[in-house]
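In what follows, a single structure is set out as structure tokens and then discussed.
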Amino acid sequence: MKLLNELFENNRRWAADTAATDPEFFSRLEQLQSPRYFWIGCSDSRVPANQITGLAPGEVFVHRNVANVVVHTDLNCLSVLQYAIDVLGVSHVMVVGHYGCGGVKAAMAGQSLGLIDNWLRHIQDVADRHAAILGTLPDEDDRWRCLCELNVIEQVRNVARTTLACDAWRRGQQVAIHGWIYDLADGGLRDLDVTMTGEVPPDIVVAGALEQIRSRYRLA
Ligand code: CO
């Protein structure tokens with residue numbers, strides 16, 4: 001049986017190189033983690049939070065699932081969010097989608113893949129909610145890209161409506177929730193301008209972001 005020796009070899013090299021460059025690195029991180037950022041992204045292997053943002057271990061707290069969905073009954077995601085906000089005290093939560101997302105594509109196609117269909121149902125809800133925008137895009141790739149963006153926008157709204165975010169804002173904790181999209185084609189990250197800080201109602205922020213989508217896709 002092959003025991004993935006190359007991965008252990010990579011690890012030994014990485015640990016040695018890291019310690020050589022910064023001898024205090026591991027002892028410092030062993031004491032505590034104090035990340036300022038919490039990343040909610042897609043499980044896609046091509047979208048690793050740290051590498052894309054140039055952040056070192058200890059700098060970003062991460063939750064990933066298929067198609068970066070935030071569901072109000074998902075105790076896993078909510079627990080990570082609670083820990084990030086209440087215990088770690090992160091200042092920024094970013095929901096990061098990506099173009100070319102297979103989960104979004106499968107939801108769009110109504111393709112049956114098994115258990116995951118139930119999860120992707122949440123993205124179909126996003127598509128239904130924004131049928132007026134998606135229905136006017138003749139090109140399938142444009143619809144796919146647009147739904148990737150709309151999904152991020154709606155998940156930012158979902159984070160903002162959790163009791164966790166609302167309670168944090170009520171007690172005066174500064175937490176900004178951002179919506180970003182990553183482009184597999186060139187490695188670029190873009191802000192979808194849907195940042196919520198608790199000052200403006202989520203629906204108003206979403207309306208502004210949707211306006212930008214309409215102009216980006218040249219919709220009336
Ligand atoms: Co994806």
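Every chain in the structure tokens has a letter given in the order shown (A, B, ...), and although residue numbers restart at 1 in each chain, ligands are simply numbered from 1 in the order shown.
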
Practice task
List all protein, DNA and RNA residues that have any atom at most 8 Å from ligand 1, counting only C-alpha atoms and all ligand atoms, and write the list as a ChimeraX atom specification.
Solution key: /A:42-44,66-68,97-104

Exercise for the section: Tell me which protein, DNA and RNA residues are within 9 Å of segment 203-208 of chain A, counting only C-alpha atoms, leaving out same-chain ones fewer than 5 positions away, and put them as a list in words. Expected result: Ile153, Glu154, Val156, Arg157, Asp193, Val194, Thr195, Met196 and Ile213 of chain A

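Shell of Val126 of chain A at 9 Å, with only C-alpha atoms counted and residues fewer than 2 places along the chain excluded, is Arg121, His122, Ile123, Gln124, Asp128, Arg129, His130, Ala131, Leu147, Leu150, Asn151 and Glu154 of chain A.
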
Problem - Val87 of chain A surroundings by only C-alpha atoms, 12 Å radius, close-in-sequence under 2 positions cut, as a list in words - result: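 So the residues in contact are Leu32, Gln33, Ser34, Pro35, Arg36, Phe61, Ser79, Val80, Leu81, Gln82, Tyr83, Ala84, Ile85, Gly89, Val90, Ser91, Leu164 and Ala168 of chain A.
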
Practice task
Name the residues of segment 3-192 of chain A that fall into strand (DSSP E) according to DSSP on the backbone, using the chain letters and numbers of this document, as a count of residues only.
Solution key: 29

Exercise for the section: Would you list, as an MDAnalysis selection string, the residues of segment 53-208 of chain A that end up in alpha helix (DSSP H) under DSSP run on this structure's backbone? Expected result: chainID A and resid 53 75:82 102:109 116:129 131:134 140:160 163:170 202:208

Handout entry: Proximity to Val152 of chain A - best of A:Ala107, A:Ala132, A:Thr73, A:Gly179, only C-alpha atoms
Key =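 Looking only at the distances to Val152 of chain A, the closest residue turns out to be A:Gly179.
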
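Residues within 12 Å of segment 25-28 of chain A, counting only C-alpha atoms and excluding same-chain residues fewer than 3 positions away, are A:Trp14, A:Ala15, A:Ala16, A:Asp17, A:Thr18, A:Ala19, A:Ala20, A:Thr21, A:Asp22, A:Gln31, A:Leu32, A:Gln33, A:Ser34, A:Ala56, A:Pro57, A:Gly58.
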
So that I have them on file, write out the residues from the current selection with all heavy atoms, as an mmCIF file, in the first residue's frame.
data_model
loop_
_atom_site.group_PDB
_atom_site.id
_atom_site.type_symbol
_atom_site.label_atom_id
_atom_site.label_comp_id
_atom_site.auth_asym_id
_atom_site.auth_seq_id
_atom_site.Cartn_x
_atom_site.Cartn_y
_atom_site.Cartn_z
ATOM 1 N N TRP A 14 8.838 21.573 4.137
ATOM 2 C CA TRP A 14 8.158 22.846 4.453
ATOM 3 C C TRP A 14 8.446 23.276 5.897
ATOM 4 O O TRP A 14 8.774 24.433 6.163
ATOM 5 C CB TRP A 14 6.641 22.688 4.239
ATOM 6 C CG TRP A 14 5.873 23.872 4.753
ATOM 7 C CD1 TRP A 14 5.751 25.091 4.140
ATOM 8 C CD2 TRP A 14 5.164 23.962 5.999
ATOM 9 N NE1 TRP A 14 4.997 25.934 4.936
ATOM 10 C CE2 TRP A 14 4.617 25.261 6.081
ATOM 11 C CE3 TRP A 14 4.916 23.066 7.043
ATOM 12 C CZ2 TRP A 14 3.859 25.702 7.168
ATOM 13 C CZ3 TRP A 14 4.159 23.510 8.121
ATOM 14 C CH2 TRP A 14 3.641 24.808 8.182
ATOM 15 N N ALA A 15 8.344 22.326 6.830
ATOM 16 C CA ALA A 15 8.573 22.660 8.244
ATOM 17 C C ALA A 15 10.012 23.132 8.448
ATOM 18 O O ALA A 15 10.261 24.114 9.165
ATOM 19 C CB ALA A 15 8.265 21.447 9.117
ATOM 20 N N ALA A 16 10.944 22.463 7.783
ATOM 21 C CA ALA A 16 12.352 22.836 7.939
ATOM 22 C C ALA A 16 12.620 24.210 7.327
ATOM 23 O O ALA A 16 13.274 25.062 7.940
ATOM 24 C CB ALA A 16 13.244 21.772 7.288
ATOM 25 N N ASP A 17 12.097 24.437 6.130
ATOM 26 C CA ASP A 17 12.304 25.736 5.456
ATOM 27 C C ASP A 17 11.686 26.867 6.265
ATOM 28 O O ASP A 17 12.269 27.941 6.402
ATOM 29 C CB ASP A 17 11.650 25.732 4.059
ATOM 30 C CG ASP A 17 12.411 24.835 3.083
ATOM 31 O OD1 ASP A 17 13.507 24.364 3.451
ATOM 32 O OD2 ASP A 17 11.895 24.602 1.975
ATOM 33 N N THR A 18 10.482 26.598 6.788
ATOM 34 C CA THR A 18 9.786 27.640 7.546
ATOM 35 C C THR A 18 10.573 27.986 8.804
ATOM 36 O O THR A 18 10.771 29.171 9.131
ATOM 37 C CB THR A 18 8.357 27.171 7.912
ATOM 38 O OG1 THR A 18 7.682 26.817 6.705
ATOM 39 C CG2 THR A 18 7.574 28.260 8.618
ATOM 40 N N ALA A 19 11.041 26.967 9.509
ATOM 41 C CA ALA A 19 11.803 27.203 10.740
ATOM 42 C C ALA A 19 13.139 27.894 10.438
ATOM 43 O O ALA A 19 13.625 28.708 11.238
ATOM 44 C CB ALA A 19 12.028 25.888 11.470
ATOM 45 N N ALA A 20 13.717 27.592 9.260
ATOM 46 C CA ALA A 20 14.990 28.218 8.903
ATOM 47 C C ALA A 20 14.797 29.704 8.624
ATOM 48 O O ALA A 20 15.627 30.537 8.977
ATOM 49 C CB ALA A 20 15.583 27.513 7.674
ATOM 50 N N THR A 21 13.682 30.041 7.985
ATOM 51 C CA THR A 21 13.405 31.435 7.647
ATOM 52 C C THR A 21 12.974 32.225 8.882
ATOM 53 O O THR A 21 13.309 33.397 9.044
ATOM 54 C CB THR A 21 12.263 31.515 6.600
ATOM 55 O OG1 THR A 21 12.497 30.510 5.623
ATOM 56 C CG2 THR A 21 12.194 32.863 5.940
ATOM 57 N N ASP A 22 12.184 31.585 9.729
ATOM 58 C CA ASP A 22 11.618 32.277 10.897
ATOM 59 C C ASP A 22 11.634 31.313 12.090
ATOM 60 O O ASP A 22 10.674 30.578 12.314
ATOM 61 C CB ASP A 22 10.184 32.717 10.546
ATOM 62 C CG ASP A 22 9.491 33.428 11.700
ATOM 63 O OD1 ASP A 22 10.092 33.576 12.778
ATOM 64 O OD2 ASP A 22 8.332 33.849 11.499
ATOM 65 N N GLN A 31 1.288 29.134 20.557
ATOM 66 C CA GLN A 31 0.697 29.858 21.691
ATOM 67 C C GLN A 31 -0.740 30.264 21.434
ATOM 68 O O GLN A 31 -1.609 30.054 22.256
ATOM 69 C CB GLN A 31 1.518 31.115 22.030
ATOM 70 C CG GLN A 31 2.970 30.844 22.373
ATOM 71 C CD GLN A 31 3.138 29.813 23.488
ATOM 72 O OE1 GLN A 31 2.428 29.876 24.478
ATOM 73 N NE2 GLN A 31 4.049 28.867 23.303
ATOM 74 N N LEU A 32 -0.981 30.869 20.291
ATOM 75 C CA LEU A 32 -2.347 31.283 19.977
ATOM 76 C C LEU A 32 -2.489 31.601 18.500
ATOM 77 O O LEU A 32 -1.506 31.853 17.819
ATOM 78 C CB LEU A 32 -2.779 32.492 20.817
ATOM 79 C CG LEU A 32 -2.547 33.919 20.285
ATOM 80 C CD1 LEU A 32 -3.388 34.894 21.094
ATOM 81 C CD2 LEU A 32 -1.084 34.313 20.356
ATOM 82 N N GLN A 33 -3.756 31.579 18.054
ATOM 83 C CA GLN A 33 -4.031 32.072 16.712
ATOM 84 C C GLN A 33 -4.870 33.325 16.899
ATOM 85 O O GLN A 33 -5.762 33.380 17.749
ATOM 86 C CB GLN A 33 -4.772 31.027 15.865
ATOM 87 C CG GLN A 33 -6.139 30.595 16.389
ATOM 88 C CD GLN A 33 -6.992 29.904 15.313
ATOM 89 O OE1 GLN A 33 -6.727 30.022 14.116
ATOM 90 N NE2 GLN A 33 -8.002 29.161 15.753
ATOM 91 N N SER A 34 -4.542 34.354 16.117
ATOM 92 C CA SER A 34 -5.345 35.575 16.200
ATOM 93 C C SER A 34 -5.578 36.121 14.794
ATOM 94 O O SER A 34 -5.111 37.202 14.458
ATOM 95 C CB SER A 34 -4.656 36.609 17.091
ATOM 96 O OG SER A 34 -3.336 36.817 16.636
ATOM 97 N N ALA A 56 -0.223 33.844 5.622
ATOM 98 C CA ALA A 56 0.523 32.751 6.246
ATOM 99 C C ALA A 56 -0.403 31.965 7.185
ATOM 100 O O ALA A 56 -1.478 32.444 7.544
ATOM 101 C CB ALA A 56 1.692 33.345 7.028
ATOM 102 N N PRO A 57 0.017 30.769 7.618
ATOM 103 C CA PRO A 57 -0.757 30.053 8.640
ATOM 104 C C PRO A 57 -0.952 30.980 9.840
ATOM 105 O O PRO A 57 -0.040 31.728 10.199
ATOM 106 C CB PRO A 57 0.149 28.873 9.008
ATOM 107 C CG PRO A 57 0.964 28.625 7.781
ATOM 108 C CD PRO A 57 1.199 29.998 7.187
ATOM 109 N N GLY A 58 -2.158 30.946 10.414
ATOM 110 C CA GLY A 58 -2.426 31.809 11.565
ATOM 111 C C GLY A 58 -3.132 33.102 11.187
ATOM 112 O O GLY A 58 -3.605 33.835 12.043
#

Handout entry: Nearest candidate to Asn65 of chain A (options A:Leu78, A:Ile40, A:Ala49, A:Cys146; using only C-alpha atoms)
Key =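 The answer is A:Ile40, which sits nearest to Asn65 of chain A.
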
Exercise for the section: Fewer than 2 positions away in the same chain doesn't count, so skip those; otherwise give me all residues within 10 Å of Trp39 of chain A, counting only C-alpha atoms, as number ranges by chain. Expected result: A: 37, 41-42, 49-50, 60-64, 68, 81, 84, 92-96, 177-178

Problem - Distance query Asn158 of chain A at most 9 Å, only C-alpha atoms, self and fewer than 2 positions along chain excluded, as a PyMOL selection string - result: chain A and resi 69-72+153-156+160-162

Handout entry: Selected residue, from A:Asp117, A:Glu9, A:Asp183, A:Glu30, that lies nearest to Cys148 of chain A when counting only C-alpha atoms
Key =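 Closest to Cys148 of chain A, using only C-alpha atoms: A:Asp183.
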